[in-house]
Amino acid sequence: MTKVAARTWTEIKPARKAVIPEGLWLRCPGCSQMVYRKQMESNLHCCPECQHHFRVGAAERIRQLADEGSFEPLFTNLSPTDPLKFKDVKTYQDRLVAEQAKSREADACKAGTCFIKGRPALVCVLDLSFMMGSMGSVVGEIVTRSIEAATERDLPLVIVSGSGGARMQEAGLSLMQMAKSSAALARFDEAGGLFISVLTDPTTGGVTASFAMLGDVILAEPKALIGFAGPRVIQQTIRQELPEGFQRSEYLLEAGMIDRVVARPQLRSEIARLIDYTGKA
C-alpha cells in the first residue's frame, strides 16, 4: 500500500470568508428588523416589514412624485453666501462648502415644473440632506419664487417640507423668509391658486411656523414629527407629561391641524386626485 505523507498545518489554507458589501443591509428604526437596502429603496424608501418611512432627499422625492422625464428645474442659479461672517465651531462658509460637496446641491431646496400623473404642477422640495433642510435666504427665495411662478402660470403648487427650521447661521435674514413666503402665499390665494402642503419627518421650527401650515390642503406622511419647538423643549418648559404620540402626524390629524395622513406609496395619486377635485388640472 502506498503511504500518503501527512499534510502539515501550514499547507492547509482556511476557506475564504464571504465578503458582504457594506451598507447592503440596514436596521429599520421602526421595527428593528434587518432590511435589505435594495428592497427598501424599491418600496419608495419604506420598510417592507413595518412601512416605516425613511427620510429621502429632494432629488429622490421629485423622482417619486413627478412623471418620468417631466421635471424641469427652476432657480438653479441661486447659491448661499455668508453675509454675517458667522462662526461657531467652524465658519459658515466652510459648512456650506462641506454640505455642497456631500449633497452635490447648492442649498437645501429644489424646485421646478412637472407633471404628476399627467397633471401639470409646480413642485418645491426641501432637502434634509443639506444642513437638515434648514431655511436660509436661498431656501426662502426659492420657495417664494416658486409661489410667484405658480401664481403667474396658474399652476397647482406642491411644497414638500422637511426641515429643522430657520438656519441659525443667517440669524434674522433666515427669519425674514417666513414673512416673505407667507406674503407670497397670500397673493397666490387671492389669485385662486391651489397650494398642497406635504409634511414629512421632521417639519419643525420656522418652516412649520410659516408656509408649511398654510396649505389649502395639508397632507402628512405617517408618524412624521411636526411642530415648532421639539417635544423635549415643550415638556421642560411646561413641566408636564405630554400625550403619547404628541406632535406626530396622527395626533395632529385628530387635533384638526392637518387634513390627511397619506402613506408614501399613495402620495402621488392623492395629489393628482386633489388637483382634479379642485379643477386646476
# chains A, B, ... in the order shown; residues from 1 in each chain; ligands from 1
>>> select_by_dssp(residues="range 201-267 of chain A", states="helix (DSSP H, G or I)", output="PyMOL selection string")
chain A and resi 205-208+211-213+231-238+249-254+264-267
>>> residues_around(residues="range 230-235 of chain A", least_positions_apart="2", cutoff="12 Å", atoms="only C-alpha atoms", output="list in words")
Gly164, Gly165, Pro202, Thr203, Thr204, Gly205, Thr208, Leu225, Ile226, Gly227, Phe228, Thr237, Ile238, Arg239, Gln240, Glu241, Leu242, Pro243, Glu244, Gly245, Phe246, Gln247 and Arg248 of chain A
>>> closest_residue(among="A:Glu68, A:Glu190, A:Asp82, A:Glu41", to="Phe54 in chain A", atoms="only C-alpha atoms")
A:Glu41
>>> residues_around(residues="Pro120 in chain A", least_positions_apart="4", cutoff="10 Å", atoms="only C-alpha atoms", output="MDAnalysis selection string")
chainID A and resid 66:67 70 113:116 154:157 272 275 280:281
>>> select_by_dssp(residues="range 85-202 of chain A", states="strand (DSSP E)", output="number ranges by chain")
A: 109-116, 119-126, 157-163, 195-202
>>> atom_distance(atom1="CA of Leu96 in chain A", atom2="CA of Arg145 in chain A")
22.0 Å
>>> residues_around(residues="range 249-262 of chain A", least_positions_apart="5", cutoff="8 Å", atoms="only C-alpha atoms", output="list in words")
Val217, Ile218, Leu219, Ala220, Glu221, Pro222, Lys223, Ala224, Leu225, Ile226, Leu267 and Glu270 of chain A
>>> atom_distance(atom1="CA of Gly23 in chain A", atom2="CA of Lys110 in chain A")
26.9 Å
>>> residues_around(residues="Glu105 in chain A", least_positions_apart="5", cutoff="10 Å", atoms="only C-alpha atoms", output="ChimeraX atom specification")
/A:58-59,76,79,99-100,110,127,129-130
>>> residues_around(residues="Tyr92 in chain A", least_positions_apart="4", cutoff="10 Å", atoms="only C-alpha atoms", output="count of residues only")
14
>>> atom_distance(atom1="CA of Gln177 in chain A", atom2="CA of Ile62 in chain A")
23.1 Å
>>> closest_residue(among="A:Ala121, A:Leu74, A:Met131, A:Val160", to="Asp201 in chain A", atoms="only C-alpha atoms")
A:Val160
>>> residues_around(residues="Gln64 in chain A", least_positions_apart="5", cutoff="9 Å", atoms="only C-alpha atoms", output="number ranges by chain")
A: 44, 59, 264-265, 268
